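Visitor: Structure: entry-v1.txt, compact mmCIF, C-alpha atoms.
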# COMPACT_ATOMS: atom_id res chain seq x y z
CA MET D 1 9.13 10.40 12.56
CA ARG D 2 9.19 11.48 8.96
CA SER D 3 12.71 12.23 7.78
CA ALA D 4 13.62 15.74 6.71
CA PRO D 5 12.84 16.34 3.04
CA ASP D 6 15.75 16.08 0.66
CA ALA D 7 16.95 19.53 -0.34
CA SER D 8 16.55 18.63 -4.01
CA GLU D 9 12.82 17.98 -3.55
CA PRO D 10 10.44 20.80 -4.34
CA THR D 11 9.06 22.10 -1.06
CA PRO D 12 5.31 21.48 -0.83
CA PRO D 13 3.62 24.85 -1.35
CA ALA D 14 1.54 24.60 1.83
CA ARG D 15 4.65 24.63 3.97
CA THR D 16 6.36 27.65 2.45
CA ARG D 17 4.15 30.19 4.18
CA PRO D 18 2.69 28.36 7.17
CA GLY D 19 0.39 31.17 8.21
CA GLY D 20 -0.37 32.50 4.75
CA ARG D 21 -3.21 32.19 2.31
CA THR D 22 -1.80 29.00 0.78
CA ALA D 23 -1.80 27.28 4.15
CA ARG D 24 -5.28 28.59 4.95
CA ILE D 25 -6.68 27.21 1.71
CA ARG D 26 -5.02 23.88 2.35
CA THR D 27 -6.59 23.70 5.81
CA GLN D 28 -10.03 24.61 4.42
CA VAL D 29 -9.79 22.04 1.65
CA LEU D 30 -8.46 19.22 3.84
CA ASP D 31 -11.12 19.93 6.48
CA ALA D 32 -13.71 19.67 3.73
CA VAL D 33 -12.23 16.36 2.54
CA THR D 34 -12.39 15.00 6.09
CA ALA D 35 -15.99 16.11 6.53
CA GLU D 36 -17.06 14.71 3.14
CA LEU D 37 -15.33 11.37 3.79
CA ALA D 38 -16.86 11.09 7.23
CA GLU D 39 -20.37 11.98 6.04
CA HIS D 40 -20.57 10.29 2.66
CA GLY D 41 -17.61 7.90 2.44
CA TYR D 42 -15.03 7.62 -0.27
CA ASP D 43 -17.44 6.61 -3.04
CA ALA D 44 -19.13 9.99 -2.95
CA LEU D 45 -15.96 12.07 -2.64
CA SER D 46 -15.65 14.53 -5.52
CA MET D 47 -13.43 17.51 -6.27
CA ASP D 48 -16.50 19.69 -6.78
CA ALA D 49 -18.15 18.75 -3.48
CA VAL D 50 -14.87 19.46 -1.68
CA ALA D 51 -14.43 22.83 -3.40
CA THR D 52 -18.01 23.86 -2.59
CA ARG D 53 -17.75 22.79 1.03
CA ALA D 54 -14.36 24.46 1.46
CA GLY D 55 -15.57 27.67 -0.18
CA VAL D 56 -12.56 27.55 -2.49
CA HIS D 57 -12.59 28.01 -6.28
CA ARG D 58 -12.85 24.70 -8.18
CA ALA D 59 -9.96 25.78 -10.40
CA THR D 60 -7.72 26.21 -7.35
CA VAL D 61 -8.58 22.76 -6.05
CA TYR D 62 -7.97 21.12 -9.43
CA ARG D 63 -4.71 23.01 -10.00
CA ARG D 64 -3.26 22.16 -6.65
CA TRP D 65 -4.55 18.62 -5.99
CA GLN D 66 -5.33 17.32 -9.53
CA ASP D 67 -7.76 14.60 -8.42
CA VAL D 68 -9.35 12.81 -5.51
CA GLY D 69 -6.21 10.70 -5.07
CA GLY D 70 -4.19 13.90 -4.69
CA LEU D 71 -6.58 15.20 -2.02
CA LEU D 72 -6.33 11.98 -0.05
CA ALA D 73 -2.56 11.80 -0.34
CA ASP D 74 -2.32 15.34 1.03
CA LEU D 75 -4.73 14.49 3.84
CA PHE D 76 -2.51 11.57 4.89
CA SER D 77 0.54 13.78 4.58
CA ALA D 78 -1.07 16.40 6.83
CA ALA D 79 -1.96 13.69 9.35
CA GLY D 80 1.70 12.64 9.33
CA ASP D 81 2.66 16.23 10.16
CA GLN D 82 0.61 16.17 13.37
CA PRO D 83 2.72 15.49 16.44
CA TRP D 84 1.73 12.09 17.80
CA HIS D 85 3.28 10.03 20.56
CA PRO D 86 2.14 6.76 22.07
CA ARG D 87 1.08 7.01 25.71
CA ASP D 88 3.60 6.18 28.41
CA THR D 89 1.77 4.10 31.02
CA GLY D 90 4.84 2.69 32.74
CA SER D 91 4.59 -0.88 31.44
CA LEU D 92 4.87 -2.63 28.08
CA ARG D 93 1.47 -4.23 28.46
CA GLY D 94 -0.13 -0.93 29.46
CA ASP D 95 1.48 0.94 26.58
CA LEU D 96 0.36 -1.65 24.01
CA ALA D 97 -3.17 -1.73 25.44
CA ALA D 98 -3.35 2.08 25.26
CA LEU D 99 -2.16 1.95 21.64
CA ASN D 100 -4.78 -0.68 20.83
CA ARG D 101 -7.52 1.34 22.52
CA GLU D 102 -6.56 4.33 20.39
CA ILE D 103 -6.71 2.15 17.25
CA GLN D 104 -10.03 0.63 18.30
CA GLU D 105 -11.50 4.09 18.93
CA SER D 106 -10.40 5.38 15.55
CA LEU D 107 -11.84 2.33 13.77
CA THR D 108 -15.18 2.33 15.60
CA ALA D 109 -15.88 6.07 15.52
CA GLU D 110 -19.20 6.81 13.79
CA PRO D 111 -18.34 7.70 11.11
CA SER D 112 -14.76 6.45 11.06
CA LEU D 113 -12.39 8.52 8.99
CA ALA D 114 -9.79 5.76 9.40
CA VAL D 115 -12.05 3.14 7.79
CA ALA D 116 -12.96 5.59 4.99
CA LEU D 117 -9.25 6.10 4.31
CA ILE D 118 -8.58 2.35 4.28
CA ALA D 119 -11.49 1.88 1.88
CA ALA D 120 -10.10 4.65 -0.34
CA SER D 121 -6.70 2.97 -0.40
CA PHE D 122 -8.24 0.02 -2.28
CA ARG D 123 -9.26 2.32 -5.14
CA SER D 124 -6.53 4.91 -5.40
CA GLY D 125 -2.90 3.95 -5.78
CA GLU D 126 -1.92 7.39 -4.53
CA ALA D 127 -4.08 6.99 -1.42
CA ALA D 128 -2.62 3.50 -0.87
CA ARG D 129 0.96 4.81 -0.99
CA ALA D 130 0.12 7.70 1.30
CA LEU D 131 -1.63 5.41 3.82
CA GLN D 132 1.34 3.05 3.72
CA HIS D 133 3.65 5.98 4.47
CA LEU D 134 1.45 7.17 7.34
CA TRP D 135 1.28 3.67 8.85
CA ASP D 136 5.02 3.34 8.55
CA ASP D 137 5.40 6.63 10.43
CA ARG D 138 3.02 5.51 13.17
CA TYR D 139 4.77 2.19 13.71
CA THR D 140 8.14 3.93 13.73
CA GLN D 141 6.84 6.41 16.31
CA SER D 142 5.47 3.50 18.37
CA GLU D 143 8.86 1.81 18.55
CA VAL D 144 9.58 3.98 21.60
CA ILE D 145 7.19 1.67 23.48
CA VAL D 146 9.64 -1.18 22.92
CA GLU D 147 12.67 1.03 23.65
CA ARG D 148 11.17 2.02 27.02
CA ALA D 149 10.43 -1.64 27.83
CA ILE D 150 14.06 -2.53 27.08
CA LEU D 151 15.24 0.25 29.42
CA ARG D 152 12.91 -1.13 32.13
CA ASP D 153 14.36 -4.64 31.54
CA GLU D 154 10.95 -5.87 30.45
CA LEU D 155 12.38 -6.91 27.08
CA PRO D 156 15.86 -8.00 26.00
CA PRO D 157 17.92 -5.59 23.87
CA GLY D 158 17.61 -6.43 20.19
CA THR D 159 13.89 -7.16 20.37
CA ASP D 160 12.27 -6.80 16.93
CA ALA D 161 10.12 -3.77 17.78
CA ARG D 162 8.12 -3.72 14.54
CA ALA D 163 7.23 -7.44 14.74
CA LEU D 164 6.11 -7.04 18.35
CA LEU D 165 4.01 -3.95 17.57
CA ILE D 166 2.36 -5.67 14.62
CA ALA D 167 1.61 -8.81 16.63
CA ALA D 168 -0.01 -6.63 19.31
CA THR D 169 -2.10 -4.45 16.98
CA ALA D 170 -2.95 -6.74 14.04
CA PRO D 171 -5.84 -8.56 15.79
CA VAL D 172 -7.58 -5.24 16.46
CA TYR D 173 -7.39 -4.24 12.78
CA HIS D 174 -8.30 -7.77 11.70
CA HIS D 175 -11.47 -7.87 13.80
CA LEU D 176 -12.67 -4.37 13.03
CA VAL D 177 -11.59 -3.76 9.43
CA LEU D 178 -11.64 -7.20 7.83
CA LEU D 179 -13.77 -9.57 9.93
CA ARG D 180 -16.05 -6.67 11.02
CA THR D 181 -16.98 -8.32 14.27
CA PRO D 182 -18.76 -6.12 16.83
CA PRO D 183 -16.15 -4.18 18.86
CA ASP D 184 -14.98 -6.24 21.85
CA PRO D 185 -14.06 -3.93 24.74
CA GLU D 186 -11.61 -6.57 26.02
CA LEU D 187 -9.74 -6.92 22.74
CA PRO D 188 -7.25 -4.02 23.06
CA GLU D 189 -6.10 -5.39 26.41
CA SER D 190 -6.15 -9.10 25.49
CA ALA D 191 -4.26 -8.57 22.20
CA ALA D 192 -1.65 -6.54 24.12
CA ALA D 193 -1.38 -9.23 26.81
CA THR D 194 -0.94 -11.96 24.18
CA ALA D 195 1.90 -10.07 22.51
CA VAL D 196 3.63 -9.54 25.88
CA LEU D 197 3.38 -13.28 26.70
CA ALA D 198 4.88 -14.11 23.32
CA ALA D 199 7.62 -11.51 23.87
CA ASP D 200 8.39 -12.97 27.32
CA SER D 201 8.94 -16.33 25.60
CA GLY D 202 11.42 -14.76 23.17
CA ALA D 203 9.12 -14.56 20.13
CA PHE D 204 10.61 -11.27 18.97
CA SER D 205 14.27 -11.75 19.95
CA ARG D 206 16.56 -11.32 17.00
CA MET I 1 -18.78 -26.05 8.40
CA ARG I 2 -21.91 -24.32 7.26
CA SER I 3 -24.93 -25.73 9.10
CA ALA I 4 -27.66 -27.48 7.13
CA PRO I 5 -30.23 -25.00 5.84
CA ASP I 6 -33.35 -24.69 7.95
CA ALA I 7 -36.25 -26.56 6.32
CA SER I 8 -38.34 -23.38 6.43
CA GLU I 9 -35.82 -21.47 4.31
CA PRO I 10 -36.43 -21.31 0.59
CA THR I 11 -33.89 -23.55 -1.11
CA PRO I 12 -31.55 -21.49 -3.34
CA PRO I 13 -32.53 -22.18 -6.95
CA ALA I 14 -29.04 -23.22 -7.98
CA ARG I 15 -29.08 -26.14 -5.59
CA THR I 16 -32.41 -27.63 -6.60
CA ARG I 17 -31.08 -29.28 -9.75
CA PRO I 18 -27.34 -29.63 -9.19
CA GLY I 19 -26.63 -30.94 -12.66
CA GLY I 20 -29.30 -28.96 -14.49
CA ARG I 21 -29.40 -25.84 -16.57
CA THR I 22 -29.83 -23.58 -13.53
CA ALA I 23 -26.65 -24.91 -11.98
CA ARG I 24 -24.79 -24.66 -15.28
CA ILE I 25 -25.76 -21.02 -15.70
CA ARG I 26 -24.70 -20.28 -12.14
CA THR I 27 -21.30 -21.87 -12.77
CA GLN I 28 -20.85 -19.91 -16.02
CA VAL I 29 -21.84 -16.62 -14.39
CA LEU I 30 -19.72 -17.08 -11.26
CA ASP I 31 -16.72 -18.14 -13.34
CA ALA I 32 -17.19 -14.94 -15.35
CA VAL I 33 -17.37 -12.87 -12.13
CA THR I 34 -14.14 -14.47 -10.91
CA ALA I 35 -12.38 -13.79 -14.21
CA GLU I 36 -13.62 -10.19 -14.39
CA LEU I 37 -12.60 -9.49 -10.79
CA ALA I 38 -9.21 -11.01 -11.31
CA GLU I 39 -8.57 -9.14 -14.57
CA HIS I 40 -10.13 -5.77 -13.92
CA GLY I 41 -10.83 -5.56 -10.17
CA TYR I 42 -14.04 -4.69 -8.43
CA ASP I 43 -14.29 -1.14 -9.78
CA ALA I 44 -14.81 -2.38 -13.32
CA LEU I 45 -17.20 -5.22 -12.45
CA SER I 46 -20.52 -4.78 -14.23
CA MET I 47 -23.58 -6.97 -14.78
CA ASP I 48 -23.27 -6.49 -18.54
CA ALA I 49 -19.59 -7.50 -18.72
CA VAL I 50 -20.36 -10.60 -16.64
CA ALA I 51 -23.33 -11.56 -18.83
CA THR I 52 -21.29 -11.12 -22.01
CA ARG I 53 -18.34 -13.08 -20.68
CA ALA I 54 -20.59 -15.86 -19.36
CA GLY I 55 -22.55 -16.03 -22.61
CA VAL I 56 -25.79 -15.72 -20.63
CA HIS I 57 -28.69 -13.36 -21.39
CA ARG I 58 -28.45 -10.06 -19.53
CA ALA I 59 -32.07 -10.44 -18.44
CA THR I 60 -31.27 -13.77 -16.78
CA VAL I 61 -28.35 -12.29 -14.89
CA TYR I 62 -30.38 -9.28 -13.69
CA ARG I 63 -33.38 -11.43 -12.72
CA ARG I 64 -31.37 -13.89 -10.72
CA TRP I 65 -28.62 -11.74 -9.14
CA GLN I 66 -30.18 -8.23 -9.22
CA ASP I 67 -26.89 -6.34 -8.98
CA VAL I 68 -23.14 -6.61 -8.54
CA GLY I 69 -23.59 -7.08 -4.78
CA GLY I 70 -25.82 -10.08 -5.49
CA LEU I 71 -23.19 -11.59 -7.79
CA LEU I 72 -20.47 -11.21 -5.18
CA ALA I 73 -22.61 -12.57 -2.38
CA ASP I 74 -23.34 -15.66 -4.48
CA LEU I 75 -19.65 -16.02 -5.32
CA PHE I 76 -18.81 -16.05 -1.61
CA SER I 77 -21.63 -18.47 -0.98
CA ALA I 78 -20.31 -20.80 -3.68
CA ALA I 79 -16.82 -20.58 -2.18
CA GLY I 80 -18.33 -21.57 1.17
CA ASP I 81 -19.84 -24.66 -0.48
CA GLN I 82 -16.41 -25.93 -1.54
CA PRO I 83 -15.04 -28.55 0.81
CA TRP I 84 -12.04 -27.10 2.60
CA HIS I 85 -10.00 -28.49 5.46
CA PRO I 86 -6.85 -27.13 7.04
CA ARG I 87 -3.78 -29.30 6.54
CA ASP I 88 -2.83 -31.81 9.24
CA THR I 89 0.95 -31.58 9.65
CA GLY I 90 1.15 -33.29 13.03
CA SER I 91 1.92 -30.20 15.15
CA LEU I 92 0.14 -27.02 16.16
CA ARG I 93 2.93 -24.86 14.85
CA GLY I 94 3.07 -26.74 11.55
CA ASP I 95 -0.70 -26.55 11.09
CA LEU I 96 -0.79 -22.81 11.77
CA ALA I 97 2.16 -22.18 9.46
CA ALA I 98 0.45 -24.18 6.69
CA LEU I 99 -2.74 -22.15 7.21
CA ASN I 100 -0.74 -18.92 7.04
CA ARG I 101 1.04 -20.04 3.88
CA GLU I 102 -2.31 -20.73 2.27
CA ILE I 103 -3.53 -17.24 3.29
CA GLN I 104 -0.32 -15.61 2.07
CA GLU I 105 -0.59 -17.39 -1.28
CA SER I 106 -4.19 -16.31 -1.77
CA LEU I 107 -3.34 -12.69 -0.92
CA THR I 108 -0.24 -12.47 -3.10
CA ALA I 109 -1.59 -14.27 -6.18
CA GLU I 110 -1.37 -12.04 -9.27
CA PRO I 111 -4.15 -11.09 -9.58
CA SER I 112 -5.55 -11.91 -6.15
CA LEU I 113 -9.23 -12.74 -6.11
CA ALA I 114 -9.11 -12.57 -2.31
CA VAL I 115 -7.90 -8.95 -2.32
CA ALA I 116 -10.50 -8.05 -4.97
CA LEU I 117 -13.21 -9.53 -2.74
CA ILE I 118 -11.94 -7.63 0.30
CA ALA I 119 -11.89 -4.41 -1.74
CA ALA I 120 -15.45 -5.11 -2.89
CA SER I 121 -16.60 -5.60 0.69
CA PHE I 122 -15.81 -1.93 1.39
CA ARG I 123 -18.34 -0.84 -1.22
CA SER I 124 -21.14 -3.38 -1.09
CA GLY I 125 -22.95 -4.17 2.16
CA GLU I 126 -24.09 -7.44 0.64
CA ALA I 127 -20.53 -8.39 -0.29
CA ALA I 128 -19.37 -7.41 3.21
CA ARG I 129 -21.94 -9.67 4.86
CA ALA I 130 -21.13 -12.54 2.54
CA LEU I 131 -17.37 -12.17 3.15
CA GLN I 132 -17.99 -12.04 6.89
CA HIS I 133 -20.00 -15.27 6.63
CA LEU I 134 -17.26 -16.96 4.57
CA TRP I 135 -14.56 -15.90 7.01
CA ASP I 136 -16.63 -17.15 9.90
CA ASP I 137 -16.94 -20.53 8.14
CA ARG I 138 -13.20 -20.71 7.51
CA TYR I 139 -12.27 -19.92 11.10
CA THR I 140 -14.84 -22.45 12.34
CA GLN I 141 -13.38 -25.07 9.99
CA SER I 142 -9.88 -24.17 11.25
CA GLU I 143 -10.83 -24.82 14.88
CA VAL I 144 -9.97 -28.49 14.26
CA ILE I 145 -6.32 -27.37 14.35
CA VAL I 146 -6.79 -26.42 17.99
CA GLU I 147 -8.85 -29.53 18.74
CA ARG I 148 -6.08 -31.75 17.39
CA ALA I 149 -3.48 -29.86 19.45
CA ILE I 150 -5.58 -30.44 22.59
CA LEU I 151 -5.76 -34.18 21.80
CA ARG I 152 -1.96 -34.21 21.41
CA ASP I 153 -1.60 -32.43 24.77
CA GLU I 154 -0.02 -29.46 23.02
CA LEU I 155 -2.73 -27.18 24.38
CA PRO I 156 -4.90 -27.33 27.50
CA PRO I 157 -8.60 -28.18 27.08
CA GLY I 158 -10.71 -25.04 27.02
CA THR I 159 -8.25 -23.08 24.84
CA ASP I 160 -10.03 -20.23 23.03
CA ALA I 161 -9.59 -21.61 19.51
CA ARG I 162 -10.87 -18.53 17.67
CA ALA I 163 -8.61 -16.13 19.60
CA LEU I 164 -5.58 -18.34 18.94
CA LEU I 165 -6.39 -18.66 15.22
CA ILE I 166 -6.86 -14.91 14.87
CA ALA I 167 -3.63 -14.13 16.71
CA ALA I 168 -1.80 -16.52 14.38
CA THR I 169 -3.29 -15.27 11.11
CA ALA I 170 -3.94 -11.55 11.72
CA PRO I 171 -0.32 -10.42 11.10
CA VAL I 172 -0.38 -12.04 7.63
CA TYR I 173 -3.55 -10.18 6.67
CA HIS I 174 -2.29 -6.98 8.31
CA HIS I 175 0.97 -6.97 6.35
CA LEU I 176 -0.47 -7.93 2.99
CA VAL I 177 -3.91 -6.30 2.93
CA LEU I 178 -3.52 -3.18 5.07
CA LEU I 179 0.18 -2.32 5.41
CA ARG I 180 0.92 -3.74 1.92
CA THR I 181 4.48 -4.59 2.75
CA PRO I 182 6.30 -6.84 0.27
CA PRO I 183 5.50 -10.50 1.03
CA ASP I 184 7.91 -11.88 3.64
CA PRO I 185 8.48 -15.62 3.06
CA GLU I 186 9.25 -16.04 6.78
CA LEU I 187 6.04 -14.42 7.98
CA PRO I 188 3.65 -17.42 7.82
CA GLU I 189 6.04 -19.43 9.98
CA SER I 190 7.03 -16.63 12.37
CA ALA I 191 3.44 -15.52 12.99
CA ALA I 192 2.51 -19.16 13.69
CA ALA I 193 5.49 -19.56 16.05
CA THR I 194 4.56 -16.37 17.92
CA ALA I 195 1.00 -17.58 18.48
CA VAL I 196 2.25 -20.95 19.75
CA LEU I 197 4.63 -19.26 22.21
CA ALA I 198 1.76 -17.11 23.49
CA ALA I 199 -0.47 -20.20 23.75
CA ASP I 200 2.24 -22.06 25.69
CA SER I 201 2.19 -19.17 28.17
CA GLY I 202 -1.57 -19.51 28.62
CA ALA I 203 -2.62 -16.53 26.47
CA PHE I 204 -5.72 -18.30 25.14
CA SER I 205 -6.77 -20.29 28.21
CA ARG I 206 -10.31 -19.55 29.22
Once you've parsed the file, please lay out its structure as structure tokens.
Guide:
Amino acid sequence: MRSAPDASEPTPPARTRPGGRTARIRTQVLDAVTAELAEHGYDALSMDAVATRAGVHRATVYRRWQDVGGLLADLFSAAGDQPWHPRDTGSLRGDLAALNREIQESLTAEPSLAVALIAASFRSGEAARALQHLWDDRYTQSEVIVERAILRDELPPGTDARALLIAATAPVYHHLVLLRTPPDPELPESAAATAVLAADSGAFSR
Amino acid sequence: MRSAPDASEPTPPARTRPGGRTARIRTQVLDAVTAELAEHGYDALSMDAVATRAGVHRATVYRRWQDVGGLLADLFSAAGDQPWHPRDTGSLRGDLAALNREIQESLTAEPSLAVALIAASFRSGEAARALQHLWDDRYTQSEVIVERAILRDELPPGTDARALLIAATAPVYHHLVLLRTPPDPELPESAAATAVLAADSGAFSR
């Protein structure tokens, strides 16, 4: 979960009037960014195309988001605001497999917004920082998978949750984002099973 | 190892006269690509900057490599021609840790050519295919690690070498290329140890 903003930080404008015009414009603009990324990829993303698609004045888009990096950072930030919880399947292996299936689906969607965002992160420092923040949130939210497994006595207390989650999910990212092998329907399950076997042998005990 | 080229394939020009002018120009141009990528990243890579840096006529560079994608593909191809063997440390865990250290070093070099090439692969289909080919070569060459472990009775015959190698190396790539966490000096060893524990539990037995 994202921590509460420090009181000394300026409150992001979109959150001050959640139902107001500011929020509506943000939604329109971020929806347009998503659609443009999905259709044309990061290379073709431009402030003007986003403004046109969103039906929002160019000047408003420039004033509020400055550049393409600002748009992407806000898109990640909005994604981080969405409630998200890993599925509870009743077992560590089932939970990790469900998480991996969700990752595999997001990376193999045609077009994949997730891959477009990863690609963007190689070209925009702002996008890279925002993606890093979002990933950190997601892994933190996923730690409940390990906490539940400890409560079920599937894992010893003190298990390094982050290391286990990364061992379970990294092969899915590696195959689909870096190696770009054709999606293997068995991979989410087999990568989860491998991490559980390693955990059972104490690989993540601190 | 790359297989011998099929006799029906046209022989790449650079290989016809290994010591000749063609080969010398290729070396100059690919060295210039490497230097440009390392200094300025993929975004700034241009045919003209490469030609100038290499001291080779622009027309020659355009005729032989067509575009930036062609330059990158040939750079990957040249990297694949370099003899490379994983280190033989005498144990599966040691071999995997050495492989991971080599990966970690290549990804954390300042500047990292490897990261520049990965970034390029998101924008050039030709670069993506060439990187995929290079990675495939490297994993194939690394399978000897698993073969040696089978001969030493560390692993059962029929172990899925590729799955084991990917489980061992994926967390290093995931941390450094996607999550962009600060390099953890323990990670090459711990990711190797995790994969060995999973292997000992039969995770990669076919």
Visitor: In file coordinates, which residues lie within 12 Å of (11.6, 1.1, 28.8) using only C-alpha atoms, given as a list of chain:residue names?
Guide: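 Taken together, the residues in range are D:Asp88, D:Thr89, D:Gly90, D:Ser91, D:Leu92, D:Arg93, D:Gly94, D:Asp95, D:Glu143, D:Val144, D:Ile145, D:Val146, D:Glu147, D:Arg148, D:Ala149, D:Ile150, D:Leu151, D:Arg152, D:Asp153, D:Glu154, D:Leu155, D:Pro156, D:Pro157.
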Visitor: Interatomic distance between CA of Met47 (chain D) and CA of Val33 (chain D)?
Guide: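 Interatomic distance, CA of Met47 (chain D) to CA of Val33 (chain D): 9.0 Å.
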Visitor: Residues of chain I were defined as contacting chain D if any atom lay at most 6 Å from it, counting only C-alpha atoms; please report them as a ChimeraX atom specification.
Guide: /I:119,122,132,170-171,174,179,194,197-198,203
Visitor: What's the 8 Å shell around Leu72 (chain D), counting all atoms listed in the file, without same-chain residues fewer than 2 positions away, as a list in words?
Guide: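 Close residues of Leu72 (chain D): Val33, Val68, Gly69, Gly70, Asp74, Leu75, Phe76, Leu117, Glu126, Ala127 and Ala130 of chain D.
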Visitor: Report, in Å to a single decimal, how far apart CA of Ser142 (chain D) and CA of Leu165 (chain D) are.
Guide: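 Taking CA of Leu165 (chain D) as the start and CA of Ser142 (chain D) as the end point, the length is 7.6 Å.
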Visitor: After fitting chain D to chain I over all Cα atoms matched in order, what RMSD is left?
Guide: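 Computed value for the CA RMSD is 0.2 Å.
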Visitor: With distances taken over all atoms listed in the file, which residue among I:Asp48, I:Pro188, I:Ala23, I:Glu39 lies nearest Glu110 (chain I)?
Guide: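 Once distances to Glu110 (chain I) are computed over all atoms listed in the file, the minimum belongs to I:Glu39.
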Visitor: What box, with edges along x, y and z, holds each listed atom of region 96-107 of chain D when 3 Å is added on every side, and can you state its centre and edge lengths in Å to one decimal, as lines of an AutoDock Vina configuration file?
Guide:
center_x = -5.7
center_y = 1.8
center_z = 19.6
size_x = 18.2
size_y = 13.1
size_z = 17.7
Visitor: Which distance in Å separates CA of Arg206 (chain I) and CA of Leu96 (chain I), to one decimal?
Guide: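 So the answer is 20.1 Å.
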Visitor: For a quick check of understanding, using only C-alpha atoms, which of I:Ser112, I:Ser106, I:Thr52, I:Gln66 has the smallest distance to Leu37 (chain I)?
Guide: I:Ser112
Visitor: Counting all atoms listed in the file, which residue out of I:Leu107, I:Leu99, I:Leu176, I:Ala32 sits closest to Gln141 (chain I)?
Guide: I:Leu99
Visitor: Using only C-alpha atoms, which protein or nucleic acid residues come within 9 Å of Gln28 (chain I)? Drop anything in the same chain fewer than 2 positions from it, and give the result as a list in words.
Guide: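 Skipping anything fewer than 2 positions along the chain leaves Ala23, Arg24, Ile25, Arg26, Leu30, Asp31, Ala32, Val33, Arg53, Ala54, Gly55 and Val56 of chain I.
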Visitor: For region 53-58 of chain D, which lacks atoms in the input, supply all heavy atoms and format the output as a compact mmCIF listing (two decimals), in the coordinates of the input.
Guide:
# COMPACT_ATOMS: atom_id res chain seq x y z
N ARG D 53 -17.74 22.81 -0.44
CA ARG D 53 -17.75 22.79 1.03
C ARG D 53 -16.66 23.68 1.61
O ARG D 53 -16.86 24.33 2.64
CB ARG D 53 -17.56 21.34 1.49
CG ARG D 53 -17.65 21.20 2.99
CD ARG D 53 -17.84 19.74 3.37
NE ARG D 53 -18.46 19.65 4.67
CZ ARG D 53 -19.36 18.75 5.00
NH1 ARG D 53 -19.78 17.85 4.13
NH2 ARG D 53 -19.87 18.73 6.22
N ALA D 54 -15.49 23.68 0.95
CA ALA D 54 -14.36 24.46 1.46
C ALA D 54 -14.53 25.95 1.17
O ALA D 54 -13.85 26.78 1.76
CB ALA D 54 -13.06 23.95 0.84
N GLY D 55 -15.44 26.28 0.23
CA GLY D 55 -15.57 27.67 -0.18
C GLY D 55 -14.34 28.14 -0.94
O GLY D 55 -13.93 29.30 -0.81
N VAL D 56 -13.76 27.24 -1.73
CA VAL D 56 -12.56 27.55 -2.49
C VAL D 56 -12.89 27.33 -3.97
O VAL D 56 -13.66 26.44 -4.31
CB VAL D 56 -11.39 26.62 -2.04
CG1 VAL D 56 -10.19 26.74 -2.97
CG2 VAL D 56 -11.01 26.93 -0.60
N HIS D 57 -12.32 28.17 -4.86
CA HIS D 57 -12.59 28.01 -6.28
C HIS D 57 -12.23 26.62 -6.77
O HIS D 57 -11.16 26.10 -6.44
CB HIS D 57 -11.79 29.03 -7.11
CG HIS D 57 -12.41 30.38 -7.11
ND1 HIS D 57 -13.67 30.62 -7.63
CD2 HIS D 57 -11.96 31.58 -6.63
CE1 HIS D 57 -13.95 31.91 -7.48
NE2 HIS D 57 -12.94 32.51 -6.87
N ARG D 58 -13.12 26.02 -7.59
CA ARG D 58 -12.85 24.70 -8.18
C ARG D 58 -11.49 24.69 -8.87
O ARG D 58 -10.71 23.74 -8.72
CB ARG D 58 -13.93 24.35 -9.22
CG ARG D 58 -15.25 23.93 -8.65
CD ARG D 58 -16.26 23.72 -9.77
NE ARG D 58 -15.97 22.53 -10.57
CZ ARG D 58 -15.68 22.51 -11.86
NH1 ARG D 58 -15.62 23.65 -12.54
NH2 ARG D 58 -15.42 21.39 -12.49
